[in-house]
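Q: Submitted below is the structure of interest, expressed as structure tokens.
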Protein chains: 2
Amino acid sequence: MKLADRVLNADRLALARLLTRIENEEPEGLEALAELYPHTGKAHRIGITGAPGTGKSTLVNQLALHLRRQGLDGRPCKVAIVAVDPSSPFTGGAILGDRVRMRDLSGDEDVFIRSMASRGAVGGLARTSAAVVDALDGAGFELILIETVGAGQAEVDIAGAAHTTLVLDAPGLGDGIQAIKAGILEIADILVVNKSDLPGAQQTLKALRAAIEMGHPTRPRPDQEGPLWLPPVLPVIATLGDGIPELAEAIANHRTHLQTYGEWQSRDQERVSLEMKQLLRELLARRFMSRQGDEAFNQALQEVLQRRISPRRAVERLLEKENPA
Amino acid sequence: MKLADRVLNADRLALARLLTRIENEEPEGLEALAELYPHTGKAHRIGITGAPGTGKSTLVNQLALHLRRQGLDGRPCKVAIVAVDPSSPFTGGAILGDRVRMRDLSGDEDVFIRSMASRGAVGGLARTSAAVVDALDGAGFELILIETVGAGQAEVDIAGAAHTTLVLDAPGLGDGIQAIKAGILEIADILVVNKSDLPGAQQTLKALRAAIEMGHPTRPRPDQEGPLWLPPVLPVIATLGDGIPELAEAIANHRTHLQTYGEWQSRDQERVSLEMKQLLRELLARRFMSRQGDEAFNQALQEVLQRRISPRRAVERLLEKENPA
């Protein structure tokens with residue numbers, strides 16, 4: 001049986017293999033993904049990001065356990081976790097997180113966990129993580145939690161490509177304005193203050209609520225018709241499971257909001273458009289390099305290193321050579 | 001007089017204008033940069049990165065003041081600061097940092113400060129910040145401090161493109177292994193524990209020294225001939241200026257190391273090669289879009305949104321259309 005068909009038949013081993021081939025951009029993986037693609041579009045993609053130390057892995061575990069049993073509408077459902085670590089070329093951090101996860105979630109047929117590290121190339125990670133999530137969507141996972149480890153732009157890009165984005169904070173990580181940067185607040189559909197039993201939790205909650213009200217509208221769009229979504233700020237103690245049902249409810253509310261006002265589609269469109277533009281750049285560059293060979297590029301590089309021409313001019317000249325329009 | 005000539009004549013206003021035109025990728029800016037480029041290659045590029053709350057701005061200020069008076073060899077020199085904030089589409093954070101800076105450094109002719117925010121596009125920021133640093137190099141700034149605000153991959157890319165990269169930590173930001181991710185440790189040539197008068201500083205110093213010794217060689221290269229550089233871990237209290245002379249000395253030592261073992265050149269080559277590859281992608285994509293127009297792309301996008309074809313296949317088909325090889 002073909003790889004895509006085995007994945008559609010809920011063969012976990014085939015799915016794991018498919019994801020590896022997608023990550024390596026092997027033709028067999030891309031072919032199977034193309035076959036799966038018509039089955040995608042059913043998953044709710046939930047991004048989770050926040051600074052180190054906010055307890056993301058624990059929260060994601062607890063949320064996955066809850067959703068696996070009750071979904072967003074009281075019905076058990078298939079949940080996938082994609083843990084992405086753009087700041088590490090290794091899988092170290094991700095593997096550590098997995099060990100903690102295995103305790104709670106291993107052996108559960110309806111939870112699938114995948115860790116991804118950047119191997120040094122963020123562009124590649126955004127590209128392959130999008131494809132991995134597509135594959136999980138096609139494989140029938142209804143809720144996909146996309147967890148990113150850091151809190152920089154790459155994480156914002158990856159987590160922010162979801163339908164619903166959770167941003168985590170925790171008390172005691174410095175003042176909220178430092179810990180949660182404006183750019184991260186901007187992508188938050190739901191703010192979570194984890195470890196809310198720690199001293200300072202009330203201040204953190206207050207500071208975030210004030211920041212939200214001060215006017216960070218969540219992704220305003222020219223095509224947006226309905227009322228603005230005001231991101232709720234929710235206290236959670238992930239280690240105890242406290243606040244997890246309320247968080248799931250907030251996610252369900254956000255889904256209803258998106259679907260009611262046409263934003264579900266506009267977010268999908270924006271995400272896919274961005275993904276295609278990134279693919280376009282990558283494939284254009286590969287085609288160019290394979291046509292021109294490394295020699296022309298290296299010659300241009302040497303001229304730049306000798307300060308005879310600026311990098312920009314050198315690249316423009318390379319392009320002209322290929323096609324003297 | 002032409003813009004490039006005015007910049008070469010140390011006209012600060014012309015320099016500020018040039019940097020704005022480079023950031024906006026205006027033809028006049030790119031032209032002036034091409035003229036300045038033969039004058040580049042003299043600057044020591046020093047990247048500074050670390051998690052929020054580590055006191056980067058204060059440290060960069062103090063280091064700039066010290067270097068402006070004594071350079072790396074006892075001689076006063078021209079210092080530039082480029083503060084890059086990839087996590088914010090606004091200049092908010094950067095502007096706040098600037099205010100603090102103005103107090104110490106304003107009116108000093110030999111210090112030039114430039115803040116850059118991402119405006120939502122990290123790829124663009126890496127590209128324009130490289131060009132801005134080139135311009136400052138050509139303008140005669142001998143030491144260029146490139147400060148990035150976050151600690152994700154984008155920051156690693158920008159700060160790590162320097163000759164010498166400082167990674168900041170501070171006590172009380174969670175355990176060191178969380179706060180300083182493996183990927184960030186990897187790019188560190190010098191580790192700085194700021195706020196080293198706070199409780200827990202000794203543990204942070206110890207943890208980082210242990211992590212370094214456990215074997216994170218600093219960017220091993222196949223072409224590396226000399227001994228490995230073992231990143232020193234230095235305690236600093238930036239607010240008081242404590243440890244700043246020792247930090248400057250460590251930077252000077254690292255410079256000697258790079259120059260002695262041919263690494264200065266290999267780092268330059270790697271940085272310029274990466275910059276050119278990014279430019280190549282960007283210019284190829286722009287050329288493609290201007291030839292094909294938006295219509296073909298939007299049509300492909302609609303097909304993907306209708307799940308009739310995967311993003312990858314759709315992009316491959318767009319490329320085939322352009323050039324049916």
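Following the order of the structure tokens, chains are lettered A, B, ..., residues in each are numbered from 1, and ligands are numbered from 1.
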Residues at most 8 Å from range 160-163 of chain A, counting only C-alpha atoms, excluding those fewer than 6 positions away in the same chain, as a count of residues only?
A: 11
Q: What does the structure give for the distance between CA of Asp137 in chain B and CA of Thr40 in chain B, in Å to one decimal?
A: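 It comes out at 5.1 Å.
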Q: Nearest to chain A among B:Arg209, B:Arg281, B:Arg317, B:Arg12, with distances taken over only C-alpha atoms: which residue is it?
A: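 Of all the options, B:Arg281 lies closest to chain A.
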Q: Kindly give the distance, in Å, that separates CA of Ala117 in chain A and CA of Ile158 in chain A, rounded to a single decimal.
A: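 We find that CA of Ala117 in chain A and CA of Ile158 in chain A lie 12.6 Å from each other.
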Q: Could you please determine the separation between CA of Thr54 in chain B and CA of Ile190 in chain B in Å, to one decimal place?
A: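 That distance, rounded to one decimal, is 14.8 Å.
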Q: Report as a list in words all protein, DNA and RNA residues lying within 10 Å of Phe141 in chain B, evaluated on only C-alpha atoms, omitting residues in the same chain fewer than 6 positions from it.
A: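 Non-adjacent residues within range: Ala10, Thr40, Lys42, Ala43, His44, Arg45, Cys77, Lys78, Val79, Ala80, Ile81, Asp110, Val111, Phe112, Val133, Asp134 and Ala135 of chain B.
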Q: Measuring between only C-alpha atoms, which one of A:Ala159, A:Leu301, A:Leu145, A:Leu258 shows the shortest distance to Leu59 in chain A?
A: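 Among A:Ala159, A:Leu301, A:Leu145, A:Leu258, it is A:Leu145 that comes nearest to Leu59 in chain A.
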Q: Which residues, written as number ranges by chain, have at least one atom at most 10 Å from Arg17 in chain A, with only C-alpha atoms counted and residues fewer than 4 positions away on the same chain left out?
A: A: 3, 7, 12-13, 21-23, 29
Q: Next, write the just-selected residues to a file, as a JSON list (two decimals), in the first residue's frame, keeping N, CA and C atoms as the atom set.
A:
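After the write, out.json holds the following:
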```
[["chain", "number", "residue", "atom", "x", "y", "z"],
["A", 3, "LEU", "N", 2.33, 5.00, 0.81],
["A", 3, "LEU", "CA", 2.55, 5.67, 2.09],
["A", 3, "LEU", "C", 1.33, 6.52, 2.47],
["A", 7, "VAL", "N", -1.14, 6.15, 5.74],
["A", 7, "VAL", "CA", -1.37, 7.24, 6.69],
["A", 7, "VAL", "C", -2.86, 7.50, 6.86],
["A", 12, "ARG", "N", 0.32, 4.59, 12.35],
["A", 12, "ARG", "CA", 1.21, 5.55, 13.02],
["A", 12, "ARG", "C", 2.65, 5.45, 12.55],
["A", 13, "LEU", "N", 3.08, 4.25, 12.28],
["A", 13, "LEU", "CA", 4.46, 4.07, 11.84],
["A", 13, "LEU", "C", 4.64, 4.73, 10.47],
["A", 21, "ARG", "N", 10.32, 11.93, 6.06],
["A", 21, "ARG", "CA", 10.62, 12.17, 4.64],
["A", 21, "ARG", "C", 10.25, 13.60, 4.24],
["A", 22, "ILE", "N", 9.22, 14.12, 4.86],
["A", 22, "ILE", "CA", 8.86, 15.53, 4.58],
["A", 22, "ILE", "C", 9.95, 16.45, 5.13],
["A", 23, "GLU", "N", 10.40, 16.17, 6.36],
["A", 23, "GLU", "CA", 11.46, 17.00, 6.94],
["A", 23, "GLU", "C", 12.72, 16.99, 6.08],
["A", 29, "GLY", "N", 8.24, 11.73, 0.23],
["A", 29, "GLY", "CA", 7.48, 12.46, 1.23],
["A", 29, "GLY", "C", 6.62, 13.54, 0.60]]
```
Q: Write out as a list of chain:residue names all residues of range 4-97 of chain B that backbone DSSP assigns to strand (DSSP E).
A: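 For range 4-97 of chain B, the strand (DSSP E) set is B:His44, B:Arg45, B:Ile46, B:Gly47, B:Ile48, B:Thr49, B:Gly50, B:Val79, B:Ala80, B:Ile81, B:Val82, B:Ala83, B:Val84, B:Asp85.
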Q: From the list A:Leu168, A:Val193, A:Leu280, A:Ile144, which residue is nearest chain B when using only C-alpha atoms?
A: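 Counting only C-alpha atoms, the residue closest to chain B is A:Leu280.
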Q: Could you pull the residues within 7 Å of Tyr37 in chain B, counting only C-alpha atoms, minus those fewer than 4 positions along the same chain, as an MDAnalysis selection string?
A: (chainID A and resid 307 309:310) or (chainID B and resid 33 138)
Q: Could you please take those selected residues and save C-alpha atoms as a compact mmCIF listing (two decimals), in the first residue's frame?
A:
```
# COMPACT_ATOMS: atom_id res chain seq x y z
CA ARG A 307 35.83 44.73 -1.90
CA ILE A 309 31.87 45.18 -5.72
CA SER A 310 29.09 45.30 -3.14
CA LEU B 33 26.54 51.71 -0.63
CA GLY B 138 32.70 52.09 4.95
```
Q: Counting only C-alpha atoms, which residue out of A:Glu295, A:Leu318, A:Phe288, A:Leu305 sits closest to Gly41 in chain B?
A: A:Leu305
Q: Of the residues A:His257, A:His39, A:Arg68, A:Arg6, which is the one nearest to chain B, using only C-alpha atoms?
A: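 Of A:His257, A:His39, A:Arg68, A:Arg6, the one nearest chain B is A:His39, counting only C-alpha atoms.
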